[in-house]
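Student: data26.cif (mmCIF, C-alpha atoms and all ligand atoms) pasted underneath:
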```
data_coords
loop_
_atom_site.label_atom_id
_atom_site.label_comp_id
_atom_site.auth_asym_id
_atom_site.auth_seq_id
_atom_site.Cartn_x
_atom_site.Cartn_y
_atom_site.Cartn_z
CA MET A 1 117.75 103.93 71.34
CA SER A 2 114.81 103.95 73.64
CA VAL A 3 115.05 107.52 74.87
CA LYS A 4 111.71 109.24 75.02
CA GLN A 5 110.26 112.28 76.65
CA ALA A 6 107.64 112.25 79.35
CA GLU A 7 105.77 115.05 81.03
CA ILE A 8 104.53 114.95 84.59
CA ALA A 9 103.37 117.73 86.90
CA GLY A 10 104.81 120.36 84.58
CA TRP A 11 108.21 118.68 84.36
CA LEU A 12 109.59 117.44 81.08
CA VAL A 13 112.15 114.64 81.31
CA SER A 14 113.93 112.38 78.84
CA VAL A 15 114.07 108.76 79.90
CA ASP A 16 116.16 105.92 78.58
CA THR A 17 113.46 103.35 79.22
CA GLU A 18 115.34 100.24 78.13
CA ARG A 19 118.41 101.04 80.19
CA THR A 20 116.26 101.98 83.19
CA ARG A 21 114.24 98.75 82.96
CA THR A 22 117.42 96.66 82.68
CA THR A 23 118.92 98.39 85.70
CA TYR A 24 115.77 97.79 87.76
CA GLU A 25 115.92 94.10 86.83
CA SER A 26 119.41 94.01 88.37
CA ILE A 27 118.19 95.53 91.67
CA ALA A 28 117.14 92.78 94.07
CA LYS A 29 115.09 94.71 96.60
CA GLY A 30 113.50 98.09 97.18
CA GLY A 31 114.57 100.30 100.04
CA TRP A 32 111.29 99.56 101.86
CA GLU A 33 112.05 95.84 101.80
CA ILE A 34 115.65 96.24 102.93
CA CYS A 35 114.47 98.33 105.90
CA GLY A 36 111.52 96.13 106.77
CA CYS A 37 109.95 98.37 109.45
CA ALA A 38 106.14 98.49 109.54
CA GLY A 39 105.99 101.88 107.81
CA CYS A 40 108.17 100.59 104.97
CA ARG A 41 106.29 97.29 104.65
CA ASN A 42 103.04 99.23 104.41
CA PHE A 43 104.55 101.24 101.56
CA GLY A 44 105.43 98.00 99.75
CA ALA A 45 101.90 96.70 100.27
CA VAL A 46 100.14 99.79 98.99
CA VAL A 47 102.46 101.53 96.50
CA ARG A 48 101.24 99.78 93.34
CA ARG A 49 97.67 100.95 93.86
CA GLY A 50 98.20 103.89 96.20
CA LEU A 51 100.11 106.22 93.89
CA PRO A 52 98.13 108.43 91.47
CA PRO A 53 97.42 106.65 88.15
CA GLU A 54 99.44 109.20 86.15
CA VAL A 55 102.44 108.60 88.39
CA LEU A 56 102.17 104.84 87.98
CA ALA A 57 101.81 105.39 84.22
CA PHE A 58 104.97 107.50 84.27
CA PHE A 59 106.82 104.74 86.16
CA ARG A 60 105.61 102.11 83.69
CA GLY A 61 106.59 104.22 80.70
CA ALA A 62 110.00 105.01 82.21
CA GLY A 63 110.81 101.44 83.23
CA ILE A 64 110.83 102.27 86.95
CA ASP A 65 109.72 99.44 89.25
CA PRO A 66 107.60 101.07 92.00
CA LEU A 67 108.60 98.28 94.38
CA LYS A 68 112.28 99.19 94.05
CA ASP A 69 112.56 102.62 95.62
CA ALA A 70 116.03 103.87 96.47
CA GLU A 71 114.67 105.21 99.74
CA VAL A 72 111.30 105.63 101.38
CA TYR A 73 110.27 106.87 104.79
CA GLU A 74 107.01 107.14 106.65
CA LEU A 75 106.50 110.46 108.40
CA GLY A 76 103.42 109.86 110.53
CA LYS A 77 99.71 110.39 110.37
CA THR A 78 98.14 113.09 108.24
CA SER A 79 95.02 115.05 109.18
CA SER A 80 92.97 112.85 106.85
CA GLY A 81 94.06 109.67 108.65
CA MET A 82 96.52 108.65 105.94
CA ARG A 83 100.28 108.21 106.42
CA ALA A 84 102.70 110.73 105.04
CA TYR A 85 105.50 109.26 102.94
CA GLY A 86 108.53 110.61 101.18
CA GLY A 87 111.24 108.95 99.16
CA GLU A 88 113.15 108.70 95.93
CA TYR A 89 113.59 106.64 92.79
CA TYR A 90 116.21 106.76 90.04
CA PHE A 91 116.17 106.43 86.29
CA TRP A 92 118.47 107.10 83.34
CA GLY A 93 117.72 110.28 81.49
CA LYS A 94 117.74 114.02 81.73
CA VAL A 95 115.61 116.86 83.03
CA GLU A 96 114.55 118.87 79.97
CA LYS A 97 112.28 121.40 81.63
CA ALA A 98 111.89 122.01 85.34
CA SER A 99 108.54 122.91 86.71
CA GLY A 100 108.12 126.15 88.60
CA GLU A 101 105.73 124.40 90.89
CA LEU A 102 106.84 121.50 93.00
CA SER A 103 103.40 120.07 92.95
CA SER A 104 100.40 120.06 90.68
CA LYS A 105 98.43 117.34 92.39
CA PRO A 106 97.00 117.39 95.89
CA LYS A 107 98.60 114.75 98.08
CA PHE A 108 101.35 114.02 95.60
CA ARG A 109 104.43 116.14 95.05
CA ILE A 110 107.11 115.21 92.59
CA SER A 111 110.38 116.78 91.57
CA PHE A 112 113.57 115.75 89.79
CA ALA A 113 117.18 116.40 90.71
CA SER A 114 120.70 115.13 90.27
CA PRO A 115 121.62 112.02 92.30
CA GLY A 116 121.84 112.33 96.07
CA ALA A 117 123.69 110.42 98.77
CA LEU A 118 121.19 107.56 98.73
CA VAL A 119 121.68 106.64 95.06
CA ARG A 120 121.94 102.88 94.56
CA PRO A 121 125.24 101.51 93.21
CA GLU A 122 123.34 100.46 90.06
CA PHE A 123 122.66 104.14 89.31
CA ARG A 124 126.08 105.54 90.18
CA ALA A 125 127.02 106.77 86.72
CA LYS A 126 126.55 109.73 84.44
CA GLY A 127 122.96 110.19 83.30
CA ALA A 128 121.18 109.14 86.48
CA VAL A 129 118.24 111.30 87.53
CA ARG A 130 116.67 111.36 90.97
CA LEU A 131 112.89 111.44 91.30
CA LEU A 132 111.75 112.80 94.66
CA PHE A 133 108.21 112.42 95.90
CA ASP A 134 106.02 112.94 98.88
CA THR A 135 102.50 111.75 99.26
CA ALA A 136 99.91 110.28 101.61
CA LEU A 137 99.02 106.60 101.51
CA PRO A 138 96.52 104.54 103.47
CA TRP A 139 97.62 102.10 106.14
CA VAL A 140 96.83 98.61 104.84
CA LEU A 141 98.97 96.32 107.00
CA GLN A 142 97.24 93.94 109.38
CA ALA A 143 99.80 94.96 111.94
CA ASP A 144 98.97 97.99 114.02
CA TYR A 145 100.56 101.23 113.13
CA HIS A 146 103.83 101.49 114.96
CA PRO A 147 104.87 105.01 115.84
CA ASP A 148 108.59 104.24 115.97
CA PRO A 149 110.50 106.14 113.32
CA CYS A 150 111.72 104.20 110.36
CA PRO A 151 115.26 103.03 111.18
CA ALA A 152 116.33 104.06 107.69
CA GLU A 153 115.32 107.62 108.46
CA LYS A 154 118.51 108.78 110.09
CA PRO A 155 119.85 112.29 109.59
CA THR A 156 123.24 110.93 108.52
CA ARG A 157 121.63 109.17 105.55
CA LYS A 158 119.71 112.20 104.40
CA SER A 159 120.92 113.83 101.26
ZN ZN A 201 111.63 101.69 107.33
#
```
Starting from the file, lay out its structure as structure tokens.
Ligand SMILES: [Zn+2]
Tutor:
Amino acid sequence: MSVKQAEIAGWLVSVDTERTRTTYESIAKGGWEICGCAGCRNFGAVVRRGLPPEVLAFFRGAGIDPLKDAEVYELGKTSSGMRAYGGEYYFWGKVEKASGELSSKPKFRISFASPGALVRPEFRAKGAVRLLFDTALPWVLQADYHPDPCPAEKPTRKS
């Protein structure tokens, strides 16, 4: 067994790291890459260094590949000149203790829930947990910021 507990932002979750890692190896592409709009490509370019270190450490420990989001969307410019992002990832495990607060970090909010409509086929089974986040990331693409909404961000696909 490779189930261990991890704490982040006041949440306590159990994670089956080995199973999660194996499932991520079977996923070919992240949601950002499948969409391919500028906002999503920017996420792919910046996610591995743009997320808070403790979040990246949680991903590493849980076996979650940050480049393989189930869904990500860019929501426009923030007051600090960053881009607002939201999205979700999945892993195998269980929520042990929910946090009263959605967020404990400025610019990064995280919560956990049961699977939503955008769950990948690889995670459509008992024991899947949805990780939801929203954050602000810098724009790093050479391409100019394009204000068109992400095509993946359609109300019908929202959970
Ligand atoms: Zn997109």
Student: Kindly extract all protein, DNA and RNA residues lying within 7 Å of the coordinates (97.2, 106.8, 107.5) given in the file, considering all atoms listed in the file, and supply them as a PyMOL selection string.
Tutor: chain A and resi 77-78+81-83+137-139
Student: Between CA of Gly44 (chain A) and CA of Pro115 (chain A), what is the distance in Å, rounded to a tenth?
Tutor: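 The value is 22.7 Å.
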Student: Using all atoms listed in the file, which residue out of A:Gly50, A:Gly127, A:Gly63, A:Gly87 lies closest to ligand ZN 201 (chain A)?
Tutor: A:Gly87
Student: Report the centre and edge lengths, in Å to one decimal, of an axis-aligned box enclosing every atom of region 47-62 of chain A listed in the file, padded by 3 Å on each side, as AutoDock Vina command-line options.
Tutor:
```
--center_x 103.7 --center_y 104.5 --center_z 88.6 --size_x 18.6 --size_y 15.4 --size_z 21.8
```
Student: Which residue gives the smallest distance to ligand ZN 201 (chain A) among A:Gln5, A:Ser26, A:Thr20, A:Asn42, with all atoms listed in the file counted?
Tutor: A:Asn42
Student: Would you mind telling me which residue in A:Ser2, A:Trp32, A:Leu141, A:Glu88 lies nearest to Val119 (chain A) when using all atoms listed in the file?
Tutor: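 Answer, going by the shortest atom-to-atom distance: A:Glu88.
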Student: Which of these residues is nearest to Arg60 (chain A), using all atoms listed in the file: A:Asp134, A:Glu122, A:Glu96, A:Glu18?
Tutor: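 Among A:Asp134, A:Glu122, A:Glu96, A:Glu18, it is A:Glu18 that comes nearest to Arg60 (chain A).
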Student: Starting from the point (114.7, 110.5, 77.4), work out which residues of protein, DNA or RNA have an atom no more than 7 Å away when counting only C-alpha atoms; state them as a list in words.
Tutor: Val3, Lys4, Gln5, Val13, Ser14, Val15, Asp16, Gly93 and Lys94 of chain A
Student: Closest to Gly39 (chain A) among A:Val129, A:Val72, A:Phe59, A:Ile27, using only C-alpha atoms?
Tutor: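 Among A:Val129, A:Val72, A:Phe59, A:Ile27, it is A:Val72 that comes nearest to Gly39 (chain A).
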Student: My list of candidates is A:Ile64, A:Ile34, A:Ala84, A:Cys40. Which is closest to ligand ZN 201 (chain A) when distances are computed with all atoms listed in the file?
Tutor: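 Checking each of A:Ile64, A:Ile34, A:Ala84, A:Cys40 against ligand ZN 201 (chain A), counting all atoms listed in the file, the winner is A:Cys40.
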Student: CA of Asp69 (chain A) and CA of Gly30 (chain A), how far apart in Å?
Tutor: 4.9 Å
Student: What separation in Å, quoted to one decimal, exists between CA of Arg49 (chain A) and CA of Ser111 (chain A)?
Tutor: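 Atom-to-atom, CA of Arg49 (chain A) to CA of Ser111 (chain A), that is 20.4 Å.
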Student: Compile the contact shell of Gly116 (chain A) as a list in words: residues with an atom at most 12 Å away, counting only C-alpha atoms, same-chain residues fewer than 4 positions apart removed.
Tutor: Ala70, Glu71, Gly87, Glu88, Tyr89, Tyr90, Phe112, Arg120, Pro121, Phe123, Arg124, Ala128, Val129, Arg130, Leu131, Leu132, Arg157, Lys158 and Ser159 of chain A
Student: Can those selected residues be exported to a file as a PDB file, in the coordinates of the input so that it contains C-alpha atoms?
Tutor:
```pdb
ATOM      1  CA  ALA A  70     116.030 103.870  96.470  1.00  0.00           C
ATOM      2  CA  GLU A  71     114.670 105.210  99.740  1.00  0.00           C
ATOM      3  CA  GLY A  87     111.240 108.950  99.160  1.00  0.00           C
ATOM      4  CA  GLU A  88     113.150 108.700  95.930  1.00  0.00           C
ATOM      5  CA  TYR A  89     113.590 106.640  92.790  1.00  0.00           C
ATOM      6  CA  TYR A  90     116.210 106.760  90.040  1.00  0.00           C
ATOM      7  CA  PHE A 112     113.570 115.750  89.790  1.00  0.00           C
ATOM      8  CA  ARG A 120     121.940 102.880  94.560  1.00  0.00           C
ATOM      9  CA  PRO A 121     125.240 101.510  93.210  1.00  0.00           C
ATOM     10  CA  PHE A 123     122.660 104.140  89.310  1.00  0.00           C
ATOM     11  CA  ARG A 124     126.080 105.540  90.180  1.00  0.00           C
ATOM     12  CA  ALA A 128     121.180 109.140  86.480  1.00  0.00           C
ATOM     13  CA  VAL A 129     118.240 111.300  87.530  1.00  0.00           C
ATOM     14  CA  ARG A 130     116.670 111.360  90.970  1.00  0.00           C
ATOM     15  CA  LEU A 131     112.890 111.440  91.300  1.00  0.00           C
ATOM     16  CA  LEU A 132     111.750 112.800  94.660  1.00  0.00           C
ATOM     17  CA  ARG A 157     121.630 109.170 105.550  1.00  0.00           C
ATOM     18  CA  LYS A 158     119.710 112.200 104.400  1.00  0.00           C
ATOM     19  CA  SER A 159     120.920 113.830 101.260  1.00  0.00           C
TER      20      SER A 159
END
```
